[in-house]
$ cat coords-v2.cif   # mmCIF, C-alpha atoms
data_upload
#
loop_
_atom_site.label_atom_id
_atom_site.label_comp_id
_atom_site.auth_asym_id
_atom_site.auth_seq_id
_atom_site.Cartn_x
_atom_site.Cartn_y
_atom_site.Cartn_z
CA MET A 662 0.00 0.00 0.00
CA GLN A 663 1.85 3.06 -1.25
CA THR A 664 1.18 6.55 0.02
CA LEU A 665 2.30 9.78 -1.60
CA ILE A 666 2.83 12.87 0.49
CA ILE A 667 2.58 16.03 -1.60
CA ALA A 668 4.26 18.63 0.58
CA CYS A 669 5.35 22.22 0.62
CA GLY A 670 9.08 22.38 -0.13
CA ALA A 671 9.56 24.10 3.23
CA LEU A 672 8.62 20.81 4.90
CA ALA A 673 10.86 18.48 2.89
CA ARG A 674 13.49 17.84 5.57
CA GLU A 675 10.90 17.43 8.27
CA VAL A 676 8.76 14.96 6.31
CA LEU A 677 11.82 12.93 5.34
CA ALA A 678 13.02 12.98 8.96
CA LEU A 679 9.64 11.55 10.03
CA PHE A 680 9.81 8.85 7.32
CA HIS A 681 13.20 7.87 8.70
CA LEU A 682 12.34 8.07 12.40
CA ASN A 683 9.12 6.08 12.01
CA GLN A 684 10.40 3.74 9.30
CA TRP A 685 7.49 4.67 7.08
CA ASP A 686 8.77 2.78 4.06
CA HIS A 687 5.36 2.82 2.39
CA MET A 688 5.49 6.59 1.96
CA GLU A 689 7.01 8.68 -0.79
CA LEU A 690 7.49 12.42 -0.83
CA GLN A 691 6.86 14.88 -3.64
CA CYS A 692 7.54 18.53 -2.91
CA LEU A 693 6.09 21.62 -4.52
CA PRO A 694 8.28 24.75 -4.62
CA ALA A 695 8.48 26.42 -1.22
CA ASP A 696 8.28 29.84 -2.82
CA LEU A 697 4.61 29.21 -3.64
CA HIS A 698 4.17 30.77 -0.22
CA LEU A 699 4.99 34.11 -1.74
CA ARG A 700 1.91 33.68 -4.01
CA PRO A 701 -0.48 31.49 -1.97
CA GLU A 702 -3.27 31.94 -4.52
CA LYS A 703 -1.25 29.61 -6.76
CA ILE A 704 -1.10 26.77 -4.21
CA PRO A 705 -4.51 25.13 -4.96
CA ASP A 706 -3.80 24.80 -8.70
CA ALA A 707 -0.29 23.46 -8.05
CA VAL A 708 -1.63 20.90 -5.58
CA GLU A 709 -4.41 19.85 -7.96
CA ALA A 710 -1.96 19.30 -10.82
CA ALA A 711 0.27 17.16 -8.60
CA VAL A 712 -2.69 15.13 -7.31
CA LYS A 713 -3.97 14.47 -10.81
CA ASP A 714 -0.53 13.28 -11.92
CA ALA A 715 -0.37 10.86 -9.00
CA GLN A 716 -3.92 9.49 -9.03
CA GLY A 717 -4.03 5.84 -10.01
CA ILE A 718 -0.37 5.35 -9.10
CA TYR A 719 -0.69 5.54 -5.30
CA ASP A 720 -3.26 4.04 -2.98
CA THR A 721 -3.37 7.16 -0.83
CA ILE A 722 -2.40 10.75 -1.47
CA PHE A 723 -2.00 13.20 1.41
CA ILE A 724 -1.41 16.93 1.16
CA ALA A 725 1.16 18.24 3.64
CA TYR A 726 -0.06 21.82 3.58
CA ALA A 727 -2.22 23.68 6.06
CA ASP A 728 -4.38 26.55 4.82
CA CYS A 729 -1.18 28.54 4.22
CA GLY A 730 -2.79 31.83 3.25
CA THR A 731 -5.22 30.37 0.73
CA GLY A 732 -8.27 31.56 2.67
CA GLY A 733 -9.97 28.16 2.65
CA LEU A 734 -9.46 27.62 -1.08
CA LEU A 735 -6.95 24.81 -0.60
CA GLU A 736 -9.29 23.01 1.79
CA ALA A 737 -12.12 23.28 -0.73
CA ARG A 738 -9.88 22.03 -3.55
CA CYS A 739 -8.65 19.07 -1.48
CA ALA A 740 -12.24 18.17 -0.61
CA ALA A 741 -13.17 18.26 -4.30
CA LEU A 742 -10.18 16.06 -5.14
CA GLY A 743 -10.98 13.65 -2.32
CA VAL A 744 -7.65 14.05 -0.53
CA GLU A 745 -6.85 14.92 3.07
CA MET A 746 -4.63 17.78 4.21
CA ILE A 747 -3.18 19.04 7.49
CA SER A 748 -5.57 21.05 9.60
CA GLY A 749 -4.63 24.48 10.86
CA PRO A 750 -3.78 27.87 9.43
CA HIS A 751 -0.06 27.36 8.65
CA CYS A 752 3.05 25.40 9.54
CA TYR A 753 3.91 27.64 12.52
CA SER A 754 0.65 26.54 14.03
CA PHE A 755 0.86 22.81 13.30
CA PHE A 756 4.50 22.56 14.35
CA GLU A 757 3.67 24.03 17.71
CA GLY A 758 0.37 22.14 17.76
CA ASN A 759 -2.76 23.94 16.55
CA VAL A 760 -4.32 24.11 20.01
CA ALA A 761 -1.19 25.44 21.75
CA PHE A 762 -0.51 27.93 18.97
CA ALA A 763 -4.03 29.36 19.14
CA GLU A 764 -3.80 29.60 22.92
CA HIS A 765 -0.63 31.71 22.70
CA GLY A 766 -2.55 34.32 20.67
CA GLU A 767 0.64 36.18 19.87
CA ILE A 768 -0.33 38.75 17.30
CA THR A 769 2.90 40.72 17.48
CA SER A 770 5.21 37.74 16.93
CA PHE A 771 6.95 36.88 13.67
CA TYR A 772 7.76 33.19 13.30
CA LEU A 773 10.63 31.22 11.88
CA THR A 774 10.83 27.45 11.53
CA ASP A 775 14.02 25.46 10.94
CA PHE A 776 13.47 25.93 7.21
CA LEU A 777 13.03 29.68 7.48
CA ALA A 778 15.96 30.06 9.87
CA ARG A 779 18.11 28.24 7.34
CA GLN A 780 16.67 30.12 4.35
CA PHE A 781 16.02 33.50 5.95
CA ASP A 782 17.72 35.51 3.23
CA ALA A 783 16.11 33.62 0.35
CA PHE A 784 12.57 33.50 1.75
CA VAL A 785 12.28 36.61 3.92
CA TRP A 786 15.01 39.21 3.49
CA ARG A 787 15.40 39.26 -0.30
CA PRO A 788 11.74 38.76 -1.35
CA MET A 789 10.84 41.72 0.85
CA GLY A 790 13.49 43.78 -0.91
CA LEU A 791 15.36 44.39 2.33
CA ASP A 792 18.71 43.53 0.75
CA LYS A 793 18.36 46.55 -1.53
CA HIS A 794 16.12 48.74 0.60
CA PRO A 795 16.73 48.14 4.30
CA GLU A 796 14.79 51.34 4.99
CA LEU A 797 11.59 49.35 4.31
CA ARG A 798 12.18 47.18 7.36
CA ASP A 799 10.03 49.15 9.74
CA MET A 800 7.18 49.40 7.25
CA TYR A 801 7.05 45.61 7.29
CA PHE A 802 7.99 44.87 10.86
CA GLY A 803 7.21 48.05 12.80
CA ASN A 804 4.16 46.49 14.46
CA TYR A 805 5.97 43.30 15.48
CA GLU A 806 7.72 42.94 18.81
CA LYS A 807 9.27 39.50 18.90
CA LEU A 808 10.72 36.87 16.59
CA VAL A 809 9.76 33.40 17.80
CA TYR A 810 11.92 30.61 16.45
CA LEU A 811 9.83 27.43 16.47
CA ALA A 812 12.61 24.84 16.41
CA GLN A 813 11.96 21.40 14.97
CA THR A 814 15.44 20.17 15.88
CA GLU A 815 18.21 20.90 18.36
CA ASP A 816 20.66 22.77 16.17
CA ALA A 817 22.91 25.46 17.60
CA GLN A 818 23.74 26.87 14.16
CA LEU A 819 20.07 27.37 13.30
CA THR A 820 19.41 28.98 16.67
CA LYS A 821 22.29 31.36 16.02
CA ALA A 822 20.91 32.14 12.54
CA ALA A 823 17.42 32.77 13.95
CA ARG A 824 18.81 35.03 16.66
CA GLU A 825 20.72 37.01 14.03
CA ALA A 826 17.53 37.29 11.96
CA ALA A 827 15.75 38.80 14.97
CA THR A 828 18.51 41.36 15.36
CA ARG A 829 18.34 42.27 11.67
CA LEU A 830 14.57 42.75 11.91
CA GLY A 831 14.90 44.82 15.10
CA LEU A 832 12.88 42.29 17.15
CA SER A 833 13.44 40.55 20.47
CA PHE A 834 14.11 36.82 20.27
CA GLU A 835 12.59 33.68 21.71
CA ARG A 836 13.36 30.09 20.86
CA ARG A 837 10.64 27.52 21.39
CA PHE A 838 11.33 23.85 20.73
CA THR A 839 8.31 22.24 19.02
CA GLY A 840 9.63 19.11 17.37
CA TYR A 841 7.34 18.05 14.51
CA GLY A 842 4.10 18.74 16.37
CA ASP A 843 0.89 18.00 14.49
CA LEU A 844 2.82 17.10 11.32
CA ASN A 845 3.86 13.84 12.95
CA ALA A 846 0.33 13.22 14.20
CA ALA A 847 -1.17 13.87 10.75
CA LEU A 848 1.22 11.55 8.89
CA LYS A 849 0.94 8.82 11.54
CA THR A 850 -2.70 8.26 10.59
CA LEU A 851 -1.80 7.26 7.03
CA MET B 1006 29.73 61.06 -19.92
CA SER B 1007 29.79 62.11 -16.29
CA ASP B 1008 26.89 61.42 -13.94
CA GLU B 1009 26.30 65.14 -13.78
CA GLU B 1010 25.74 65.29 -17.53
CA ASP B 1011 23.36 62.31 -17.28
CA ASP B 1012 21.19 64.02 -14.69
CA LEU B 1013 17.82 65.23 -15.86
CA ILE B 1014 17.09 68.84 -14.91
CA LEU B 1015 13.44 68.61 -13.89
CA ASP B 1016 12.93 72.35 -14.01
CA GLU B 1017 13.85 72.38 -17.70
CA LEU B 1018 11.04 70.00 -18.66
CA SER B 1019 7.70 71.22 -19.98
CA ASP B 1020 4.69 70.63 -17.73
CA GLU B 1021 3.63 67.65 -19.77
CA GLU B 1022 7.12 66.11 -19.76
CA LEU B 1023 7.49 66.76 -16.06
CA VAL B 1024 4.23 65.00 -15.21
CA LEU B 1025 5.28 61.97 -17.27
CA GLN B 1026 8.68 62.06 -15.56
CA MET B 1027 6.91 62.11 -12.19
CA HIS B 1028 5.00 58.97 -13.17
CA ASP B 1029 8.36 57.33 -13.93
CA ASP B 1030 9.91 58.62 -10.71
CA LEU B 1031 6.98 57.36 -8.65
CA TYR B 1032 7.27 54.00 -10.38
CA ASP B 1033 10.94 53.92 -9.40
CA GLY B 1034 10.25 55.10 -5.84
CA MET B 1035 12.40 58.23 -6.18
CA ALA B 1036 11.08 60.31 -3.30
CA ASP B 1037 13.53 63.23 -3.61
CA GLU B 1038 12.72 63.68 -7.28
CA ILE B 1039 8.98 63.66 -6.53
CA ASP B 1040 9.52 66.25 -3.81
CA GLU B 1041 11.40 68.47 -6.25
CA ALA B 1042 8.88 68.02 -9.07
CA VAL B 1043 5.89 68.81 -6.84
CA ARG B 1044 7.57 72.06 -5.80
CA ILE B 1045 8.31 72.92 -9.44
CA LEU B 1046 4.68 72.44 -10.51
CA LEU B 1047 3.46 74.53 -7.59
CA LYS B 1048 5.95 77.26 -8.55
CA ARG B 1049 4.43 77.14 -12.05
CA ASN B 1050 1.08 77.95 -10.43
CA TRP B 1051 -0.44 74.50 -10.71
CA LEU B 1052 -3.33 73.95 -8.31
CA PRO B 1053 -2.34 71.53 -5.54
CA TYR B 1054 -5.34 69.35 -6.46
CA ASP B 1055 -4.10 69.06 -10.05
CA VAL B 1056 -0.58 68.13 -8.92
CA LEU B 1057 -2.07 65.49 -6.69
CA THR B 1058 -4.45 63.93 -9.19
CA LYS B 1059 -2.60 64.34 -12.50
CA ALA B 1060 0.90 63.58 -11.27
CA LEU B 1061 0.80 61.57 -8.05
CA VAL B 1062 -2.50 59.67 -8.11
CA GLU B 1063 -2.18 58.87 -11.80
CA GLY B 1064 1.40 57.67 -11.21
CA MET B 1065 0.26 55.43 -8.37
CA ARG B 1066 -2.58 54.12 -10.53
CA ILE B 1067 0.02 52.88 -13.02
CA VAL B 1068 2.00 51.32 -10.16
CA GLY B 1069 -1.21 49.61 -8.99
CA ILE B 1070 -1.87 48.13 -12.42
CA ASP B 1071 1.63 46.69 -12.68
CA PHE B 1072 1.36 45.30 -9.14
CA ARG B 1073 -1.91 43.61 -10.06
CA ASP B 1074 -0.32 42.17 -13.21
CA GLY B 1075 2.67 40.77 -11.32
CA ILE B 1076 5.17 43.16 -12.91
CA LEU B 1077 5.85 45.01 -9.66
CA PHE B 1078 6.04 43.44 -6.21
CA VAL B 1079 5.42 44.70 -2.70
CA PRO B 1080 8.87 46.28 -2.15
CA GLU B 1081 8.55 48.40 -5.30
CA VAL B 1082 5.01 49.43 -4.37
CA LEU B 1083 6.20 50.46 -0.92
CA LEU B 1084 8.97 52.57 -2.40
CA ALA B 1085 6.48 54.20 -4.77
CA ALA B 1086 4.12 54.83 -1.86
CA GLY B 1087 6.97 56.39 0.10
CA ALA B 1088 7.63 58.75 -2.81
CA MET B 1089 3.95 59.63 -3.07
CA LYS B 1090 3.82 60.24 0.68
CA LYS B 1091 6.63 62.74 0.37
CA GLY B 1092 4.72 64.61 -2.34
CA MET B 1093 1.51 64.43 -0.31
CA GLY B 1094 3.35 65.93 2.65
CA ILE B 1095 3.86 69.11 0.63
CA LEU B 1096 0.38 69.15 -0.88
CA LYS B 1097 -1.79 68.26 2.12
CA PRO B 1098 -1.71 71.64 3.90
CA LEU B 1099 -2.20 73.41 0.57
CA LEU B 1100 -5.18 71.22 -0.32
CA ILE B 1101 -6.85 72.17 2.94
CA GLU B 1102 -6.16 75.88 2.26
CA THR B 1103 -7.42 75.75 -1.31
CA GLY B 1104 -10.55 73.74 -0.46
CA ALA B 1105 -10.03 70.78 -2.76
CA PRO B 1106 -13.18 68.71 -3.46
CA GLN B 1107 -14.18 66.21 -0.77
CA LEU B 1108 -15.79 63.06 -2.09
CA GLY B 1109 -16.69 61.55 1.28
CA LYS B 1110 -15.31 60.33 4.56
CA MET B 1111 -13.86 56.90 5.28
CA VAL B 1112 -13.05 55.18 8.56
CA ILE B 1113 -10.43 52.50 7.95
CA GLY B 1114 -8.58 50.01 10.12
CA THR B 1115 -7.08 46.54 10.36
CA VAL B 1116 -9.29 44.09 12.25
CA LYS B 1117 -8.82 42.75 15.76
CA GLY B 1118 -5.99 40.24 16.09
CA ASP B 1119 -4.17 41.54 13.05
CA ILE B 1120 -1.25 43.96 13.03
CA HIS B 1121 -0.64 44.13 9.28
CA ASP B 1122 -1.11 47.59 7.88
CA ILE B 1123 0.81 47.91 4.61
CA GLY B 1124 -2.25 47.41 2.39
CA LYS B 1125 -4.45 49.44 4.68
CA ASN B 1126 -1.97 52.33 4.64
CA LEU B 1127 -1.82 52.23 0.84
CA VAL B 1128 -5.60 52.36 0.59
CA ALA B 1129 -5.75 55.25 3.09
CA MET B 1130 -3.16 57.19 1.11
CA MET B 1131 -4.81 56.58 -2.25
CA MET B 1132 -8.23 57.47 -0.86
CA GLU B 1133 -6.84 60.74 0.49
CA GLY B 1134 -5.21 61.36 -2.85
CA ALA B 1135 -8.54 60.81 -4.60
CA GLY B 1136 -10.25 63.41 -2.39
CA PHE B 1137 -11.68 61.37 0.49
CA GLU B 1138 -11.19 62.35 4.10
CA VAL B 1139 -9.70 59.35 5.86
CA VAL B 1140 -9.82 58.51 9.57
CA ASP B 1141 -7.25 55.78 10.12
CA LEU B 1142 -7.88 53.66 13.22
CA GLY B 1143 -4.61 51.75 12.82
CA ILE B 1144 -4.30 48.05 13.65
CA ASN B 1145 -5.99 45.45 15.88
CA ASN B 1146 -9.42 47.10 16.03
CA PRO B 1147 -12.29 45.56 17.98
CA VAL B 1148 -15.83 46.06 16.71
CA ASP B 1149 -16.58 48.95 19.07
CA ASP B 1150 -13.67 50.98 17.73
CA TYR B 1151 -15.09 50.79 14.22
CA ILE B 1152 -18.66 51.56 15.21
CA ASP B 1153 -17.76 54.39 17.58
CA ALA B 1154 -15.58 55.99 14.90
CA LEU B 1155 -18.26 55.66 12.19
CA LYS B 1156 -20.78 57.46 14.40
CA ARG B 1157 -18.36 60.02 15.81
CA GLU B 1158 -16.92 60.94 12.42
CA LYS B 1159 -20.25 60.83 10.57
CA ALA B 1160 -18.44 58.71 8.01
CA ASP B 1161 -19.77 57.46 4.69
CA ILE B 1162 -17.53 54.44 4.27
CA LEU B 1163 -16.08 51.72 6.48
CA GLY B 1164 -12.90 50.06 5.22
CA MET B 1165 -11.66 46.89 6.91
CA SER B 1166 -8.41 45.10 6.22
CA ALA B 1167 -6.96 41.72 7.23
CA LEU B 1168 -3.90 39.83 6.08
CA LEU B 1169 -4.51 36.58 7.92
CA THR B 1170 -6.99 33.82 7.19
CA THR B 1171 -7.40 33.58 10.96
CA THR B 1172 -8.42 37.23 11.35
CA MET B 1173 -10.49 37.89 8.24
CA PRO B 1174 -13.65 36.29 9.73
CA TYR B 1175 -13.68 39.14 12.25
CA MET B 1176 -14.98 41.40 9.48
CA LYS B 1177 -18.26 39.47 9.65
CA ILE B 1178 -18.50 40.15 13.38
CA VAL B 1179 -18.25 43.87 12.69
CA ILE B 1180 -20.86 43.76 9.91
CA ASP B 1181 -23.21 41.55 11.97
CA THR B 1182 -22.94 44.02 14.85
CA MET B 1183 -23.81 46.86 12.49
CA VAL B 1184 -26.86 44.88 11.35
CA GLU B 1185 -27.89 44.23 14.98
CA GLN B 1186 -27.63 47.94 15.72
CA GLY B 1187 -29.66 48.78 12.63
CA ILE B 1188 -26.88 50.90 11.11
CA ARG B 1189 -25.54 48.56 8.43
CA ASP B 1190 -27.21 50.36 5.55
CA ASP B 1191 -26.04 53.76 6.73
CA TYR B 1192 -22.51 52.98 5.53
CA ILE B 1193 -20.69 51.64 2.52
CA VAL B 1194 -18.59 48.70 3.73
CA LEU B 1195 -15.47 47.85 1.73
CA VAL B 1196 -13.13 45.01 2.66
CA GLY B 1197 -9.68 44.00 1.47
CA GLY B 1198 -6.54 42.02 2.25
CA ALA B 1199 -4.40 39.37 0.61
CA PRO B 1200 -6.37 36.22 1.59
CA LEU B 1201 -9.80 37.71 0.80
CA ASN B 1202 -11.74 37.29 -2.41
CA GLU B 1203 -14.99 38.50 -3.90
CA GLU B 1204 -16.89 35.47 -2.68
CA PHE B 1205 -15.78 36.10 0.90
CA GLY B 1206 -16.71 39.76 0.63
CA LYS B 1207 -20.25 38.81 -0.45
CA ALA B 1208 -20.60 36.04 2.12
CA ILE B 1209 -19.88 38.34 5.07
CA GLY B 1210 -22.27 41.02 3.84
CA SER B 1211 -19.84 43.72 2.71
CA ASP B 1212 -20.70 45.98 -0.21
CA ALA B 1213 -17.53 45.11 -2.07
CA TYR B 1214 -14.19 43.34 -1.88
CA CYS B 1215 -11.40 45.57 -3.18
CA ARG B 1216 -8.44 43.75 -4.68
CA ASP B 1217 -6.04 46.66 -4.34
CA ALA B 1218 -5.84 50.34 -3.42
CA ALA B 1219 -6.75 51.59 -6.89
CA VAL B 1220 -9.83 49.36 -6.97
CA ALA B 1221 -10.77 50.61 -3.49
CA VAL B 1222 -10.72 54.19 -4.74
CA GLU B 1223 -12.79 53.42 -7.84
CA THR B 1224 -15.27 51.34 -5.84
CA ALA B 1225 -15.63 54.05 -3.19
CA LYS B 1226 -16.25 56.68 -5.88
CA GLU B 1227 -18.84 54.48 -7.57
CA PHE B 1228 -20.73 53.78 -4.33
CA MET B 1229 -20.63 57.44 -3.30
CA ALA B 1230 -22.06 58.42 -6.69
CA ARG B 1231 -24.86 55.87 -6.24
CA LYS B 1232 -25.51 57.21 -2.73
CA HIS B 1233 -25.81 60.75 -4.05
CA ASN B 1234 -28.14 59.59 -6.81
CA GLN B 1235 -30.42 58.08 -4.18
CA LEU B 1236 -30.74 61.40 -2.31
#

$ encode --input "coords-v2.cif" --output "C-alpha cells"
Amino acid sequence: MQTLIIACGALAREVLALFHLNQWDHMELQCLPADLHLRPEKIPDAVEAAVKDAQGIYDTIFIAYADCGTGGLLEARCAALGVEMISGPHCYSFFEGNVAFAEHGEITSFYLTDFLARQFDAFVWRPMGLDKHPELRDMYFGNYEKLVYLAQTEDAQLTKAAREAATRLGLSFERRFTGYGDLNAALKTL
Amino acid sequence: MSDEEDDLILDELSDEELVLQMHDDLYDGMADEIDEAVRILLKRNWLPYDVLTKALVEGMRIVGIDFRDGILFVPEVLLAAGAMKKGMGILKPLLIETGAPQLGKMVIGTVKGDIHDIGKNLVAMMMEGAGFEVVDLGINNPVDDYIDALKREKADILGMSALLTTTMPYMKIVIDTMVEQGIRDDYIVLVGGAPLNEEFGKAIGSDAYCRDAAVAVETAKEFMARKHNQL
C-alpha cells in the first residue's frame, strides 16, 4: 500500500526525517516549490496538478499543507479532489500544535521554523526587498515585537541564525522547541 | 559622460514632460525627485489638487496596475508609496487651504488580532489622494472601535483590512454588529486584504471586496455616486 505525500518544499526535511524516524517505508514524498508561499493563490492549482498526476499510481495521497494563506481555497480544492490535508492555518501553528498555537494568541510575533531560519535571506530578506532597501524594514515589521523561532530540531547553528535574523529585523528573540508537532500526528494516521 | 551630464534637470522639462517624468519617478520610488517636481509644478502655479491627481495619483494608478499584473512586487510598491507620501506631505496643507473637493469620509482600520497595515496604509493614502477624508484607526481594532468611529466621524464608508486567514472572519463580526444595531445600511462597507476574495466579501455582507488600493478608490467613488443619486 503506497502513500504519496505532496508537501510544501519548506517541509521536505521534516517529512523525510519523520519517514526515517518512524520507518514509514510505504510513503514517498513529492515537494512543490516552497516559494509558492509568496503567491499562496497559486497553491490550490499546483496541488491539484500534482494530485492528478499521482492518481491511479498511489493508494493514498495526502497533502502536507495547512491553509497557508489560501483563505480556505486549498481546503475546498482538497475536498473536491478527495484528498486529506493538514488542519490548521499554517506550519507555525501545526508545528507548535494547533491548540497550543491558538492559545498563545501572539499577534505581534513573527515566526521562523528550521526551514526559514536556514533560508532567511532567500525567503524573507530578499523577497521583501530588504537587501536593496533596508529602509523598508520598519514598514514591514514596525508592528511586530518579537521573533519566535519554532525549532523542529536541536541545532545550535540554526538557533544562532534565527537570533541574528531577529537582530536584523529589530525584534526581540525567543526560541521555542516544538519538534514536529501535528505534522507527525497527521502523517501517523496514514 | 559624467553622472552630472546624465542628470535630468526637472525644471527644464515642460509641464507635460514633467508630469510623465513624475509617473516614472513614482514608479521607481524616487522620493527626492517627486519632492522636487511637486515644488516645481506649484511654482508654475499649478493647483495643488491638479498636482495630486494628475501627477501623483495617476502615477500610483500605473504602479497599482503593474502590481496587479505581477510586474511590480510589494517592495517596489512600498517605495512608490513612500515617494507619493513625500509629495503628499507638501500638498496636504495646501489642499486644505485651497478647499479641494471632498468626495466623502472613510473610517479605515485593520481588524482585531491583526497587526498588518501595509495594504491598509496604501488604501488610506490613495483614498486621500482621490479626495476622500480618511480617519485611520490603525491596527488590531475591535468592533466597538469601528462603530464608535463611524458614528463620531459621521463617516460614509467603512474600510476593513486583514492579512490573515485567521483574522479575516472578524470582518463578519463587525458587519453583523452593524446589522444588529440597525446601522448597516447607513454605511458603505469595503473590505480588502491578501487572503480575501470576492466570494468572501459577499458572504460576510460587505458591499464590495477591493483587490487593491486603486480598486478601493474606484469602488468608493462608484458607491458614493450611487448614494448621491439616491438622495

$ closest_residue --input "coords-v2.cif" --among "B:Lys1232, B:Lys1059, B:His1121, B:Arg1157" --to "chain A" --atoms "all atoms listed in the file"
B:His1121

$ resolve_selection --input "coords-v2.cif" --expression "the PyMOL selection byres ((chain B and resi 1144) around 7)" --output "number ranges by chain"
B: 1114-1116, 1119-1122, 1142-1143, 1145-1146

$ residues_around --input "coords-v2.cif" --residues "Glu745 (chain A)" --least-positions-apart "2" --cutoff "7 Å" --atoms "all atoms listed in the file" --output "JSON, numbers by chain"
{"A": [723, 724, 739, 743]}

$ residues_around --input "coords-v2.cif" --residues "Leu777 (chain A)" --least-positions-apart "6" --cutoff "9 Å" --atoms "only C-alpha atoms" --output "list of chain:residue names"
A:Ala671, A:Ala783, A:Phe784, A:Val785, A:Ala823

$ interface_residues --input "coords-v2.cif" --of "chain A" --to "chain B" --cutoff "8 Å" --atoms "all atoms listed in the file" --output "PyMOL selection string"
chain A and resi 730-733+750+768-769+789-790+797+800-801+804-805

$ write_last_selection --input "coords-v2.cif" --atoms "C-alpha atoms" --output "mmCIF file, keeping the file's coordinate frame"
data_model
loop_
_atom_site.group_PDB
_atom_site.id
_atom_site.type_symbol
_atom_site.label_atom_id
_atom_site.label_comp_id
_atom_site.auth_asym_id
_atom_site.auth_seq_id
_atom_site.Cartn_x
_atom_site.Cartn_y
_atom_site.Cartn_z
ATOM 1 C CA GLY A 730 -2.790 31.830 3.250
ATOM 2 C CA THR A 731 -5.220 30.370 0.730
ATOM 3 C CA GLY A 732 -8.270 31.560 2.670
ATOM 4 C CA GLY A 733 -9.970 28.160 2.650
ATOM 5 C CA PRO A 750 -3.780 27.870 9.430
ATOM 6 C CA ILE A 768 -0.330 38.750 17.300
ATOM 7 C CA THR A 769 2.900 40.720 17.480
ATOM 8 C CA MET A 789 10.840 41.720 0.850
ATOM 9 C CA GLY A 790 13.490 43.780 -0.910
ATOM 10 C CA LEU A 797 11.590 49.350 4.310
ATOM 11 C CA MET A 800 7.180 49.400 7.250
ATOM 12 C CA TYR A 801 7.050 45.610 7.290
ATOM 13 C CA ASN A 804 4.160 46.490 14.460
ATOM 14 C CA TYR A 805 5.970 43.300 15.480
#

$ atom_distance --input "coords-v2.cif" --atom1 "CA of Lys1125 (chain B)" --atom2 "CA of Ser748 (chain A)"
28.8 Å
